[in-house]
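Enquirer: Following this line is model_18.pdb, made up of PDB, N, CA and C atoms and all ligand atoms:
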```
ATOM      1  N   MET A 265      81.241-212.337  39.276
ATOM      2  CA  MET A 265      81.307-211.002  39.869
ATOM      3  C   MET A 265      82.380-211.008  40.952
ATOM      4  N   ALA A 266      83.292-210.086  40.852
ATOM      5  CA  ALA A 266      84.338-209.964  41.875
ATOM      6  C   ALA A 266      83.768-209.233  43.078
ATOM      7  N   HIS A 267      84.173-209.690  44.230
ATOM      8  CA  HIS A 267      83.692-209.043  45.450
ATOM      9  C   HIS A 267      84.482-207.759  45.669
ATOM     10  N   ASP A 268      83.766-206.697  46.020
ATOM     11  CA  ASP A 268      84.409-205.402  46.238
ATOM     12  C   ASP A 268      85.395-205.478  47.406
ATOM     13  N   TYR A 269      86.335-204.587  47.387
ATOM     14  CA  TYR A 269      87.311-204.459  48.468
ATOM     15  C   TYR A 269      86.686-203.594  49.559
ATOM     16  N   HIS A 270      86.140-204.252  50.566
ATOM     17  CA  HIS A 270      85.402-203.515  51.600
ATOM     18  C   HIS A 270      86.273-202.582  52.423
ATOM     19  N   GLN A 271      87.423-203.059  52.790
ATOM     20  CA  GLN A 271      88.269-202.284  53.699
ATOM     21  C   GLN A 271      88.635-200.918  53.124
ATOM     22  N   GLY A 272      88.603-200.791  51.813
ATOM     23  CA  GLY A 272      88.952-199.524  51.181
ATOM     24  C   GLY A 272      87.773-198.576  51.049
ATOM     25  N   ALA A 273      86.579-199.044  51.350
ATOM     26  CA  ALA A 273      85.384-198.194  51.214
ATOM     27  C   ALA A 273      85.314-197.190  52.364
ATOM     28  N   ALA A 274      84.799-196.017  52.063
ATOM     29  CA  ALA A 274      84.719-194.954  53.074
ATOM     30  C   ALA A 274      83.810-195.346  54.239
ATOM     31  N   ASN A 275      82.784-196.143  53.974
ATOM     32  CA  ASN A 275      81.829-196.514  55.025
ATOM     33  C   ASN A 275      82.102-197.915  55.588
ATOM     34  N   TYR A 276      83.313-198.438  55.369
ATOM     35  CA  TYR A 276      83.618-199.795  55.823
ATOM     36  C   TYR A 276      83.499-199.910  57.343
ATOM     37  N   ASN A 277      82.844-200.986  57.774
ATOM     38  CA  ASN A 277      82.706-201.273  59.192
ATOM     39  C   ASN A 277      82.939-202.774  59.373
ATOM     40  N   PRO A 278      83.991-203.166  60.096
ATOM     41  CA  PRO A 278      84.333-204.593  60.206
ATOM     42  C   PRO A 278      83.291-205.429  60.945
ATOM     43  N   TYR A 279      82.385-204.789  61.674
ATOM     44  CA  TYR A 279      81.369-205.537  62.421
ATOM     45  C   TYR A 279      80.197-205.980  61.543
ATOM     46  N   GLN A 280      80.030-205.333  60.421
ATOM     47  CA  GLN A 280      78.856-205.601  59.581
ATOM     48  C   GLN A 280      78.975-206.932  58.834
ATOM     49  N   LEU A 281      77.834-207.623  58.716
ATOM     50  CA  LEU A 281      77.790-208.906  58.009
ATOM     51  C   LEU A 281      77.840-208.695  56.507
ATOM     52  N   PHE A 282      77.169-207.666  56.041
ATOM     53  CA  PHE A 282      77.118-207.296  54.630
ATOM     54  C   PHE A 282      77.265-205.784  54.548
ATOM     55  N   HIS A 283      77.920-205.334  53.485
ATOM     56  CA  HIS A 283      78.306-203.922  53.406
ATOM     57  C   HIS A 283      77.507-203.159  52.360
ATOM     58  N   ASP A 284      77.037-201.979  52.760
ATOM     59  CA  ASP A 284      76.348-201.094  51.816
ATOM     60  C   ASP A 284      77.322-200.677  50.716
ATOM     61  N   GLY A 285      76.806-200.581  49.506
ATOM     62  CA  GLY A 285      77.640-200.145  48.386
ATOM     63  C   GLY A 285      78.337-201.278  47.668
ATOM     64  N   CYS A 286      78.235-202.493  48.182
ATOM     65  CA  CYS A 286      78.850-203.657  47.545
ATOM     66  C   CYS A 286      77.737-204.488  46.906
ATOM     67  N   ALA A 287      77.819-204.651  45.604
ATOM     68  CA  ALA A 287      76.767-205.361  44.873
ATOM     69  C   ALA A 287      76.655-206.825  45.318
ATOM     70  N   GLU A 288      77.782-207.466  45.578
ATOM     71  CA  GLU A 288      77.727-208.880  45.979
ATOM     72  C   GLU A 288      77.142-209.034  47.388
ATOM     73  N   CYS A 289      77.507-208.146  48.281
ATOM     74  CA  CYS A 289      76.920-208.185  49.633
ATOM     75  C   CYS A 289      75.404-208.010  49.541
ATOM     76  N   LYS A 290      74.969-207.075  48.731
ATOM     77  CA  LYS A 290      73.532-206.838  48.574
ATOM     78  C   LYS A 290      72.846-208.090  48.032
ATOM     79  N   LEU A 291      73.448-208.693  47.029
ATOM     80  CA  LEU A 291      72.895-209.905  46.426
ATOM     81  C   LEU A 291      72.824-211.041  47.456
ATOM     82  N   ASN A 292      73.897-211.213  48.205
ATOM     83  CA  ASN A 292      73.935-212.275  49.213
ATOM     84  C   ASN A 292      72.930-212.037  50.335
ATOM     85  N   ALA A 293      72.854-210.797  50.784
ATOM     86  CA  ALA A 293      71.945-210.467  51.887
ATOM     87  C   ALA A 293      70.489-210.631  51.480
ATOM     88  N   GLU A 294      70.197-210.408  50.214
ATOM     89  CA  GLU A 294      68.812-210.507  49.742
ATOM     90  C   GLU A 294      68.474-211.891  49.188
ATOM     91  N   SER A 295      69.439-212.782  49.166
ATOM     92  CA  SER A 295      69.199-214.109  48.604
ATOM     93  C   SER A 295      68.345-214.952  49.542
ATOM     94  N   MET A 296      67.926-216.107  49.055
ATOM     95  CA  MET A 296      67.137-217.017  49.878
ATOM     96  C   MET A 296      67.986-217.685  50.956
ATOM     97  N   TYR A 297      69.302-217.682  50.766
ATOM     98  CA  TYR A 297      70.205-218.364  51.697
ATOM     99  C   TYR A 297      71.310-217.416  52.167
ATOM    100  N   PRO A 298      70.948-216.355  52.855
ATOM    101  CA  PRO A 298      71.964-215.366  53.227
ATOM    102  C   PRO A 298      73.000-215.879  54.230
ATOM    103  N   PHE A 299      72.662-216.904  54.982
ATOM    104  CA  PHE A 299      73.587-217.355  56.025
ATOM    105  C   PHE A 299      74.791-218.101  55.465
ATOM    106  N   SER A 300      74.653-218.627  54.255
ATOM    107  CA  SER A 300      75.767-219.385  53.676
ATOM    108  C   SER A 300      76.978-218.506  53.392
ATOM    109  N   LYS A 301      76.784-217.212  53.320
ATOM    110  CA  LYS A 301      77.908-216.300  53.028
ATOM    111  C   LYS A 301      78.455-215.606  54.268
ATOM    112  N   ILE A 302      77.919-215.948  55.418
ATOM    113  CA  ILE A 302      78.397-215.330  56.652
ATOM    114  C   ILE A 302      79.590-216.124  57.171
ATOM    115  N   LYS A 303      80.680-215.431  57.407
ATOM    116  CA  LYS A 303      81.918-216.100  57.818
ATOM    117  C   LYS A 303      81.856-216.603  59.255
ATOM    118  N   ASP A 304      81.291-215.806  60.147
ATOM    119  CA  ASP A 304      81.250-216.154  61.570
ATOM    120  C   ASP A 304      79.802-216.110  62.047
ATOM    121  N   MET A 305      79.151-217.259  62.023
ATOM    122  CA  MET A 305      77.724-217.319  62.349
ATOM    123  C   MET A 305      77.474-217.001  63.826
ATOM    124  N   ARG A 306      78.398-217.374  64.673
ATOM    125  CA  ARG A 306      78.253-217.079  66.103
ATOM    126  C   ARG A 306      78.228-215.562  66.320
ATOM    127  N   GLN A 307      79.140-214.869  65.668
ATOM    128  CA  GLN A 307      79.196-213.416  65.788
ATOM    129  C   GLN A 307      77.919-212.801  65.227
ATOM    130  N   ALA A 308      77.435-213.327  64.094
ATOM    131  CA  ALA A 308      76.204-212.818  63.484
ATOM    132  C   ALA A 308      75.017-213.003  64.425
ATOM    133  N   TRP A 309      74.972-214.151  65.090
ATOM    134  CA  TRP A 309      73.886-214.462  66.026
ATOM    135  C   TRP A 309      73.844-213.425  67.145
ATOM    136  N   HIS A 310      74.997-213.178  67.730
ATOM    137  CA  HIS A 310      75.073-212.218  68.836
ATOM    138  C   HIS A 310      74.838-210.786  68.347
ATOM    139  N   ARG A 311      75.294-210.497  67.147
ATOM    140  CA  ARG A 311      75.064-209.155  66.589
ATOM    141  C   ARG A 311      73.566-208.932  66.397
ATOM    142  N   ALA A 312      72.866-209.913  65.863
ATOM    143  CA  ALA A 312      71.426-209.800  65.649
ATOM    144  C   ALA A 312      70.694-209.607  66.977
ATOM    145  N   CYS A 313      71.094-210.328  67.989
ATOM    146  CA  CYS A 313      70.455-210.213  69.296
ATOM    147  C   CYS A 313      70.670-208.815  69.868
ATOM    148  N   ARG A 314      71.896-208.357  69.834
ATOM    149  CA  ARG A 314      72.201-207.039  70.393
ATOM    150  C   ARG A 314      71.571-205.925  69.568
ATOM    151  N   PHE A 315      71.445-206.122  68.266
ATOM    152  CA  PHE A 315      70.780-205.129  67.403
ATOM    153  C   PHE A 315      69.316-204.976  67.805
ATOM    154  N   GLU A 316      68.626-206.091  67.917
ATOM    155  CA  GLU A 316      67.191-206.038  68.237
ATOM    156  C   GLU A 316      66.934-205.543  69.655
ATOM    157  N   GLN A 317      67.884-205.735  70.533
ATOM    158  CA  GLN A 317      67.731-205.272  71.912
ATOM    159  C   GLN A 317      68.285-203.862  72.100
ATOM    160  N   GLY A 318      68.759-203.250  71.017
ATOM    161  CA  GLY A 318      69.280-201.885  71.089
ATOM    162  C   GLY A 318      70.583-201.781  71.867
ATOM    163  N   ARG A 319      71.368-202.848  71.837
ATOM    164  CA  ARG A 319      72.599-202.868  72.631
ATOM    165  C   ARG A 319      73.875-202.782  71.808
ATOM    166  N   LEU A 320      73.777-202.443  70.515
ATOM    167  CA  LEU A 320      74.994-202.295  69.713
ATOM    168  C   LEU A 320      75.656-200.963  70.051
ATOM    169  N   GLU A 321      76.958-200.964  70.093
ATOM    170  CA  GLU A 321      77.712-199.731  70.331
ATOM    171  C   GLU A 321      77.671-198.888  69.058
ATOM    172  N   PRO A 322      77.845-197.567  69.179
ATOM    173  CA  PRO A 322      77.801-196.705  67.984
ATOM    174  C   PRO A 322      78.758-197.158  66.876
ATOM    175  N   GLU A 323      79.912-197.653  67.245
ATOM    176  CA  GLU A 323      80.880-198.087  66.218
ATOM    177  C   GLU A 323      80.455-199.394  65.538
ATOM    178  N   GLU A 324      79.405-200.035  66.060
ATOM    179  CA  GLU A 324      78.906-201.281  65.462
ATOM    180  C   GLU A 324      77.661-201.032  64.604
ATOM    181  N   ALA A 325      77.484-199.822  64.131
ATOM    182  CA  ALA A 325      76.284-199.454  63.362
ATOM    183  C   ALA A 325      75.992-200.475  62.267
ATOM    184  N   VAL A 326      74.717-200.744  62.057
ATOM    185  CA  VAL A 326      74.328-201.729  61.050
ATOM    186  C   VAL A 326      74.291-201.092  59.666
ATOM    187  N   SER A 327      74.511-201.917  58.665
ATOM    188  CA  SER A 327      74.369-201.469  57.277
ATOM    189  C   SER A 327      72.920-201.703  56.861
ATOM    190  N   ASN A 328      72.490-200.997  55.864
ATOM    191  CA  ASN A 328      71.117-201.188  55.374
ATOM    192  C   ASN A 328      70.904-202.600  54.845
ATOM    193  N   VAL A 329      71.905-203.143  54.169
ATOM    194  CA  VAL A 329      71.727-204.453  53.534
ATOM    195  C   VAL A 329      71.705-205.613  54.530
ATOM    196  N   GLU A 330      72.256-205.429  55.719
ATOM    197  CA  GLU A 330      72.279-206.542  56.672
ATOM    198  C   GLU A 330      71.058-206.580  57.588
ATOM    199  N   VAL A 331      70.265-205.518  57.622
ATOM    200  CA  VAL A 331      69.132-205.445  58.551
ATOM    201  C   VAL A 331      68.174-206.624  58.368
ATOM    202  N   ARG A 332      67.841-206.954  57.145
ATOM    203  CA  ARG A 332      66.927-208.076  56.881
ATOM    204  C   ARG A 332      67.468-209.379  57.484
ATOM    205  N   VAL A 333      68.742-209.614  57.307
ATOM    206  CA  VAL A 333      69.367-210.844  57.807
ATOM    207  C   VAL A 333      69.364-210.859  59.338
ATOM    208  N   LEU A 334      69.663-209.727  59.944
ATOM    209  CA  LEU A 334      69.644-209.643  61.410
ATOM    210  C   LEU A 334      68.240-209.913  61.939
ATOM    211  N   ARG A 335      67.241-209.415  61.253
ATOM    212  CA  ARG A 335      65.852-209.626  61.710
ATOM    213  C   ARG A 335      65.407-211.076  61.528
ATOM    214  N   ILE A 336      65.868-211.719  60.492
ATOM    215  CA  ILE A 336      65.552-213.150  60.311
ATOM    216  C   ILE A 336      66.183-213.946  61.452
ATOM    217  N   LEU A 337      67.420-213.630  61.760
ATOM    218  CA  LEU A 337      68.093-214.323  62.873
ATOM    219  C   LEU A 337      67.354-214.083  64.188
ATOM    220  N   TRP A 338      66.945-212.862  64.412
ATOM    221  CA  TRP A 338      66.224-212.542  65.645
ATOM    222  C   TRP A 338      64.915-213.325  65.721
ATOM    223  N   SER A 339      64.192-213.389  64.616
ATOM    224  CA  SER A 339      62.923-214.124  64.630
ATOM    225  C   SER A 339      63.165-215.598  64.948
ATOM    226  N   LEU A 340      64.269-216.138  64.478
ATOM    227  CA  LEU A 340      64.612-217.524  64.806
ATOM    228  C   LEU A 340      64.927-217.658  66.295
ATOM    229  N   MET A 341      65.663-216.691  66.826
ATOM    230  CA  MET A 341      65.989-216.720  68.265
ATOM    231  C   MET A 341      64.731-216.692  69.119
ATOM    232  N   VAL A 342      63.792-215.807  68.748
ATOM    233  CA  VAL A 342      62.552-215.681  69.510
ATOM    234  C   VAL A 342      61.769-216.995  69.454
ATOM    235  N   ARG A 343      61.759-217.605  68.286
ATOM    236  CA  ARG A 343      61.045-218.882  68.144
ATOM    237  C   ARG A 343      61.724-219.973  68.963
ATOM    238  N   LEU A 344      63.045-219.996  68.917
ATOM    239  CA  LEU A 344      63.788-221.019  69.663
ATOM    240  C   LEU A 344      63.690-220.817  71.175
ATOM    241  N   GLU A 345      63.438-219.585  71.591
ATOM    242  CA  GLU A 345      63.261-219.345  73.026
ATOM    243  C   GLU A 345      62.068-220.145  73.547
ATOM    244  N   ARG A 346      61.039-220.266  72.711
ATOM    245  CA  ARG A 346      59.868-221.058  73.110
ATOM    246  C   ARG A 346      60.198-222.533  73.238
ATOM    247  N   GLU A 347      61.322-222.932  72.620
ATOM    248  CA  GLU A 347      61.773-224.319  72.706
ATOM    249  C   GLU A 347      62.755-224.508  73.864
ATOM    250  N   GLY A 348      63.024-223.401  74.575
ATOM    251  CA  GLY A 348      63.893-223.510  75.733
ATOM    252  C   GLY A 348      65.296-222.958  75.546
ATOM    253  N   LEU A 349      65.599-222.420  74.373
ATOM    254  CA  LEU A 349      66.924-221.856  74.135
ATOM    255  C   LEU A 349      66.897-220.376  74.525
ATOM    256  N   SER A 350      67.662-220.006  75.513
ATOM    257  CA  SER A 350      67.672-218.627  75.998
ATOM    258  C   SER A 350      68.037-217.663  74.875
ATOM    259  N   LEU A 351      67.400-216.495  74.910
ATOM    260  CA  LEU A 351      67.673-215.478  73.895
ATOM    261  C   LEU A 351      69.160-215.171  73.849
ATOM    262  N   GLY A 352      69.702-215.157  72.646
ATOM    263  CA  GLY A 352      71.100-214.807  72.458
ATOM    264  C   GLY A 352      72.054-215.969  72.603
ATOM    265  N   LEU A 353      71.601-217.065  73.182
ATOM    266  CA  LEU A 353      72.478-218.227  73.318
ATOM    267  C   LEU A 353      72.631-218.887  71.955
ATOM    268  N   TYR A 354      73.853-218.979  71.497
ATOM    269  CA  TYR A 354      74.111-219.525  70.167
ATOM    270  C   TYR A 354      74.015-221.053  70.208
ATOM    271  N   PRO A 355      73.201-221.643  69.328
ATOM    272  CA  PRO A 355      73.021-223.103  69.366
ATOM    273  C   PRO A 355      74.328-223.882  69.263
ATOM    274  N   GLY A 356      75.281-223.364  68.527
ATOM    275  CA  GLY A 356      76.563-224.058  68.396
ATOM    276  C   GLY A 356      77.315-224.172  69.707
ATOM    277  N   ASP A 357      77.024-223.283  70.643
ATOM    278  CA  ASP A 357      77.700-223.323  71.938
ATOM    279  C   ASP A 357      77.179-224.435  72.833
ATOM    280  N   ILE A 358      76.012-224.977  72.502
ATOM    281  CA  ILE A 358      75.460-226.056  73.326
ATOM    282  C   ILE A 358      75.169-227.299  72.497
ATOM    283  N   SER A 359      75.732-227.353  71.296
ATOM    284  CA  SER A 359      75.386-228.452  70.393
ATOM    285  C   SER A 359      75.718-229.819  70.985
ATOM    286  N   GLY A 360      76.662-229.869  71.885
ATOM    287  CA  GLY A 360      77.033-231.144  72.484
ATOM    288  C   GLY A 360      75.968-231.719  73.386
ATOM    289  N   VAL A 361      75.032-230.877  73.839
ATOM    290  CA  VAL A 361      73.975-231.365  74.723
ATOM    291  C   VAL A 361      72.632-231.449  74.008
ATOM    292  N   MET A 362      72.601-231.110  72.732
ATOM    293  CA  MET A 362      71.338-231.160  71.993
ATOM    294  C   MET A 362      71.052-232.594  71.567
ATOM    295  N   TYR A 363      69.787-232.855  71.369
ATOM    296  CA  TYR A 363      69.380-234.199  70.983
ATOM    297  C   TYR A 363      69.609-234.408  69.490
ATOM    298  N   PRO A 364      69.930-235.623  69.104
ATOM    299  CA  PRO A 364      70.093-235.894  67.681
ATOM    300  C   PRO A 364      68.779-235.679  66.933
ATOM    301  N   ILE A 365      68.874-235.349  65.666
ATOM    302  CA  ILE A 365      67.679-235.160  64.848
ATOM    303  C   ILE A 365      66.878-236.447  64.803
ATOM    304  N   GLY A 366      65.569-236.325  64.944
ATOM    305  CA  GLY A 366      64.711-237.500  64.867
ATOM    306  C   GLY A 366      64.439-238.125  66.212
ATOM    307  N   ARG A 367      64.967-237.525  67.263
ATOM    308  CA  ARG A 367      64.719-238.057  68.605
ATOM    309  C   ARG A 367      63.934-237.044  69.414
ATOM    310  N   ALA A 368      63.056-237.527  70.202
ATOM    311  CA  ALA A 368      62.200-236.652  70.992
ATOM    312  C   ALA A 368      62.930-236.171  72.234
ATOM    313  N   HIS A 369      62.423-235.111  72.820
ATOM    314  CA  HIS A 369      62.991-234.562  74.042
ATOM    315  C   HIS A 369      62.387-235.282  75.234
ATOM    316  N   THR A 370      62.757-236.481  75.440
ATOM    317  CA  THR A 370      62.229-237.274  76.546
ATOM    318  C   THR A 370      63.373-237.706  77.439
ATOM    319  N   PRO A 371      63.094-237.897  78.704
ATOM    320  CA  PRO A 371      64.148-238.404  79.591
ATOM    321  C   PRO A 371      64.700-239.720  79.039
ATOM    322  N   GLY A 372      65.967-239.811  79.028
ATOM    323  CA  GLY A 372      66.586-241.011  78.508
ATOM    324  C   GLY A 372      66.717-240.986  76.992
ATOM    325  N   ASN A 373      66.216-239.912  76.387
ATOM    326  CA  ASN A 373      66.335-239.714  74.949
ATOM    327  C   ASN A 373      65.808-240.918  74.158
ATOM    328  N   LYS A 374      64.653-241.451  74.601
ATOM    329  CA  LYS A 374      64.062-242.585  73.901
ATOM    330  C   LYS A 374      63.516-242.133  72.546
ATOM    331  N   ARG A 375      63.771-242.925  71.574
ATOM    332  CA  ARG A 375      63.333-242.584  70.224
ATOM    333  C   ARG A 375      61.843-242.875  70.077
ATOM    334  N   ILE A 376      61.074-241.819  69.751
ATOM    335  CA  ILE A 376      59.648-242.020  69.543
ATOM    336  C   ILE A 376      59.209-241.590  68.152
ATOM    337  N   ILE A 377      60.143-241.074  67.371
ATOM    338  CA  ILE A 377      59.800-240.621  66.021
ATOM    339  C   ILE A 377      60.287-241.637  65.011
TER     340      ILE A 377
HETATM  341 ZN    ZN B 401      80.664-207.236  49.732
END
```
How would this structure read if it were set down as structure tokens?
Expert:
Amino acid sequence: MAHDYHQGAANYNPYQLFHDGCAECKLNAESMYPFSKIKDMRQAWHRACRFEQGRLEPEEAVSNVEVRVLRILWSLMVRLEREGLSLGLYPGDISGVMYPIGRAHTPGNKRII
């Protein structure tokens, strides 16, 4: 399936992760792995946060097909907040200070797992 030419669509919005009226965007947004098709995950993260907080500008209107993906991202943010990650803070921006997988959050980063 060829991907539609979004920029030529009457409802094209460059801020949207997935575009209404595009069959491939709809398929990707509804798939089990919608994040694999997102070009800029950092931008998507912040877009989802601002969407749920009602802080998107009118020109950043969401498409119907991306709403599900934005809400999944938001639910992850809310869950990660309980782990100490501030709402809206993109994990990639602090990845250098995160603990390696399989290590506990203990002083000195002692391996207990
Ligand atoms: Zn598309």
Enquirer: Given the file above and the PyMOL selection byres (((not hetatm) and name CA) within 10 of (chain B and resi 401)), which residues are selected, and can you give them as a CSV table (one decimal) with N, CA and C atoms, in the coordinates of the input?
Expert:
```csv
chain,number,residue,atom,x,y,z
A,266,ALA,N,83.3,-210.1,40.9
A,266,ALA,CA,84.3,-210.0,41.9
A,266,ALA,C,83.8,-209.2,43.1
A,267,HIS,N,84.2,-209.7,44.2
A,267,HIS,CA,83.7,-209.0,45.4
A,267,HIS,C,84.5,-207.8,45.7
A,268,ASP,N,83.8,-206.7,46.0
A,268,ASP,CA,84.4,-205.4,46.2
A,268,ASP,C,85.4,-205.5,47.4
A,269,TYR,N,86.3,-204.6,47.4
A,269,TYR,CA,87.3,-204.5,48.5
A,269,TYR,C,86.7,-203.6,49.6
A,270,HIS,N,86.1,-204.3,50.6
A,270,HIS,CA,85.4,-203.5,51.6
A,270,HIS,C,86.3,-202.6,52.4
A,271,GLN,N,87.4,-203.1,52.8
A,271,GLN,CA,88.3,-202.3,53.7
A,271,GLN,C,88.6,-200.9,53.1
A,281,LEU,N,77.8,-207.6,58.7
A,281,LEU,CA,77.8,-208.9,58.0
A,281,LEU,C,77.8,-208.7,56.5
A,282,PHE,N,77.2,-207.7,56.0
A,282,PHE,CA,77.1,-207.3,54.6
A,282,PHE,C,77.3,-205.8,54.5
A,283,HIS,N,77.9,-205.3,53.5
A,283,HIS,CA,78.3,-203.9,53.4
A,283,HIS,C,77.5,-203.2,52.4
A,284,ASP,N,77.0,-202.0,52.8
A,284,ASP,CA,76.3,-201.1,51.8
A,284,ASP,C,77.3,-200.7,50.7
A,285,GLY,N,76.8,-200.6,49.5
A,285,GLY,CA,77.6,-200.1,48.4
A,285,GLY,C,78.3,-201.3,47.7
A,286,CYS,N,78.2,-202.5,48.2
A,286,CYS,CA,78.8,-203.7,47.5
A,286,CYS,C,77.7,-204.5,46.9
A,287,ALA,N,77.8,-204.7,45.6
A,287,ALA,CA,76.8,-205.4,44.9
A,287,ALA,C,76.7,-206.8,45.3
A,288,GLU,N,77.8,-207.5,45.6
A,288,GLU,CA,77.7,-208.9,46.0
A,288,GLU,C,77.1,-209.0,47.4
A,289,CYS,N,77.5,-208.1,48.3
A,289,CYS,CA,76.9,-208.2,49.6
A,289,CYS,C,75.4,-208.0,49.5
A,290,LYS,N,75.0,-207.1,48.7
A,290,LYS,CA,73.5,-206.8,48.6
A,290,LYS,C,72.8,-208.1,48.0
A,291,LEU,N,73.4,-208.7,47.0
A,291,LEU,CA,72.9,-209.9,46.4
A,291,LEU,C,72.8,-211.0,47.5
A,292,ASN,N,73.9,-211.2,48.2
A,292,ASN,CA,73.9,-212.3,49.2
A,292,ASN,C,72.9,-212.0,50.3
A,293,ALA,N,72.9,-210.8,50.8
A,293,ALA,CA,71.9,-210.5,51.9
A,293,ALA,C,70.5,-210.6,51.5
```
Enquirer: Selection in question (the file shown): the PyMOL selection byres (((chain A and resi 354 and name CA) around 12) and not hetatm and name CA). Which residues does it include, as a ChimeraX atom specification?
Expert: /A:304-313,337-338,340-341,344-345,349-353,355-359
Enquirer: From chain A, collect each residue whose DSSP state is alpha helix (DSSP H) and return the set as a short mmCIF file (atom, residue, chain, number, x, y, z; two decimals) with N, CA and C atoms, in the coordinates of the input.
Expert:
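Saved the output as out14.cif:
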```
data_model
loop_
_atom_site.label_atom_id
_atom_site.label_comp_id
_atom_site.auth_asym_id
_atom_site.auth_seq_id
_atom_site.Cartn_x
_atom_site.Cartn_y
_atom_site.Cartn_z
N ALA A 287 77.82 -204.65 45.60
CA ALA A 287 76.77 -205.36 44.87
C ALA A 287 76.66 -206.82 45.32
N GLU A 288 77.78 -207.47 45.58
CA GLU A 288 77.73 -208.88 45.98
C GLU A 288 77.14 -209.03 47.39
N CYS A 289 77.51 -208.15 48.28
CA CYS A 289 76.92 -208.18 49.63
C CYS A 289 75.40 -208.01 49.54
N LYS A 290 74.97 -207.08 48.73
CA LYS A 290 73.53 -206.84 48.57
C LYS A 290 72.85 -208.09 48.03
N LEU A 291 73.45 -208.69 47.03
CA LEU A 291 72.90 -209.90 46.43
C LEU A 291 72.82 -211.04 47.46
N ASN A 292 73.90 -211.21 48.20
CA ASN A 292 73.94 -212.28 49.21
C ASN A 292 72.93 -212.04 50.34
N ALA A 293 72.85 -210.80 50.78
CA ALA A 293 71.94 -210.47 51.89
C ALA A 293 70.49 -210.63 51.48
N GLU A 294 70.20 -210.41 50.21
CA GLU A 294 68.81 -210.51 49.74
C GLU A 294 68.47 -211.89 49.19
N MET A 305 79.15 -217.26 62.02
CA MET A 305 77.72 -217.32 62.35
C MET A 305 77.47 -217.00 63.83
N ARG A 306 78.40 -217.37 64.67
CA ARG A 306 78.25 -217.08 66.10
C ARG A 306 78.23 -215.56 66.32
N GLN A 307 79.14 -214.87 65.67
CA GLN A 307 79.20 -213.42 65.79
C GLN A 307 77.92 -212.80 65.23
N ALA A 308 77.44 -213.33 64.09
CA ALA A 308 76.20 -212.82 63.48
C ALA A 308 75.02 -213.00 64.42
N TRP A 309 74.97 -214.15 65.09
CA TRP A 309 73.89 -214.46 66.03
C TRP A 309 73.84 -213.42 67.14
N HIS A 310 75.00 -213.18 67.73
CA HIS A 310 75.07 -212.22 68.84
C HIS A 310 74.84 -210.79 68.35
N ARG A 311 75.29 -210.50 67.15
CA ARG A 311 75.06 -209.16 66.59
C ARG A 311 73.57 -208.93 66.40
N ALA A 312 72.87 -209.91 65.86
CA ALA A 312 71.43 -209.80 65.65
C ALA A 312 70.69 -209.61 66.98
N CYS A 313 71.09 -210.33 67.99
CA CYS A 313 70.46 -210.21 69.30
C CYS A 313 70.67 -208.82 69.87
N ARG A 314 71.90 -208.36 69.83
CA ARG A 314 72.20 -207.04 70.39
C ARG A 314 71.57 -205.92 69.57
N PHE A 315 71.44 -206.12 68.27
CA PHE A 315 70.78 -205.13 67.40
C PHE A 315 69.32 -204.98 67.81
N GLU A 316 68.63 -206.09 67.92
CA GLU A 316 67.19 -206.04 68.24
C GLU A 316 66.93 -205.54 69.66
N VAL A 331 70.26 -205.52 57.62
CA VAL A 331 69.13 -205.44 58.55
C VAL A 331 68.17 -206.62 58.37
N ARG A 332 67.84 -206.95 57.14
CA ARG A 332 66.93 -208.08 56.88
C ARG A 332 67.47 -209.38 57.48
N VAL A 333 68.74 -209.61 57.31
CA VAL A 333 69.37 -210.84 57.81
C VAL A 333 69.36 -210.86 59.34
N LEU A 334 69.66 -209.73 59.94
CA LEU A 334 69.64 -209.64 61.41
C LEU A 334 68.24 -209.91 61.94
N ARG A 335 67.24 -209.42 61.25
CA ARG A 335 65.85 -209.63 61.71
C ARG A 335 65.41 -211.08 61.53
N ILE A 336 65.87 -211.72 60.49
CA ILE A 336 65.55 -213.15 60.31
C ILE A 336 66.18 -213.95 61.45
N LEU A 337 67.42 -213.63 61.76
CA LEU A 337 68.09 -214.32 62.87
C LEU A 337 67.35 -214.08 64.19
N TRP A 338 66.94 -212.86 64.41
CA TRP A 338 66.22 -212.54 65.64
C TRP A 338 64.92 -213.32 65.72
N SER A 339 64.19 -213.39 64.62
CA SER A 339 62.92 -214.12 64.63
C SER A 339 63.16 -215.60 64.95
N LEU A 340 64.27 -216.14 64.48
CA LEU A 340 64.61 -217.52 64.81
C LEU A 340 64.93 -217.66 66.30
N MET A 341 65.66 -216.69 66.83
CA MET A 341 65.99 -216.72 68.26
C MET A 341 64.73 -216.69 69.12
N VAL A 342 63.79 -215.81 68.75
CA VAL A 342 62.55 -215.68 69.51
C VAL A 342 61.77 -217.00 69.45
N ARG A 343 61.76 -217.60 68.29
CA ARG A 343 61.04 -218.88 68.14
C ARG A 343 61.72 -219.97 68.96
N LEU A 344 63.04 -220.00 68.92
CA LEU A 344 63.79 -221.02 69.66
C LEU A 344 63.69 -220.82 71.18
N GLU A 345 63.44 -219.58 71.59
CA GLU A 345 63.26 -219.34 73.03
C GLU A 345 62.07 -220.14 73.55
#
```
Enquirer: Excluding Tyr279 (chain A) and its own-chain neighbours fewer than 5 positions away, which residues fall within 8 Å of it when counting all atoms listed in the file? Please give them as number ranges by chain.
Expert: A: 311, 323-327
Enquirer: Can you tell me how far atom C of Val333 (chain A) sits from atom N of Pro298 (chain A), in Å to one decimal?
Expert: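 Value for the atom C of Val333 (chain A)-atom N of Pro298 (chain A) distance: 8.6 Å.
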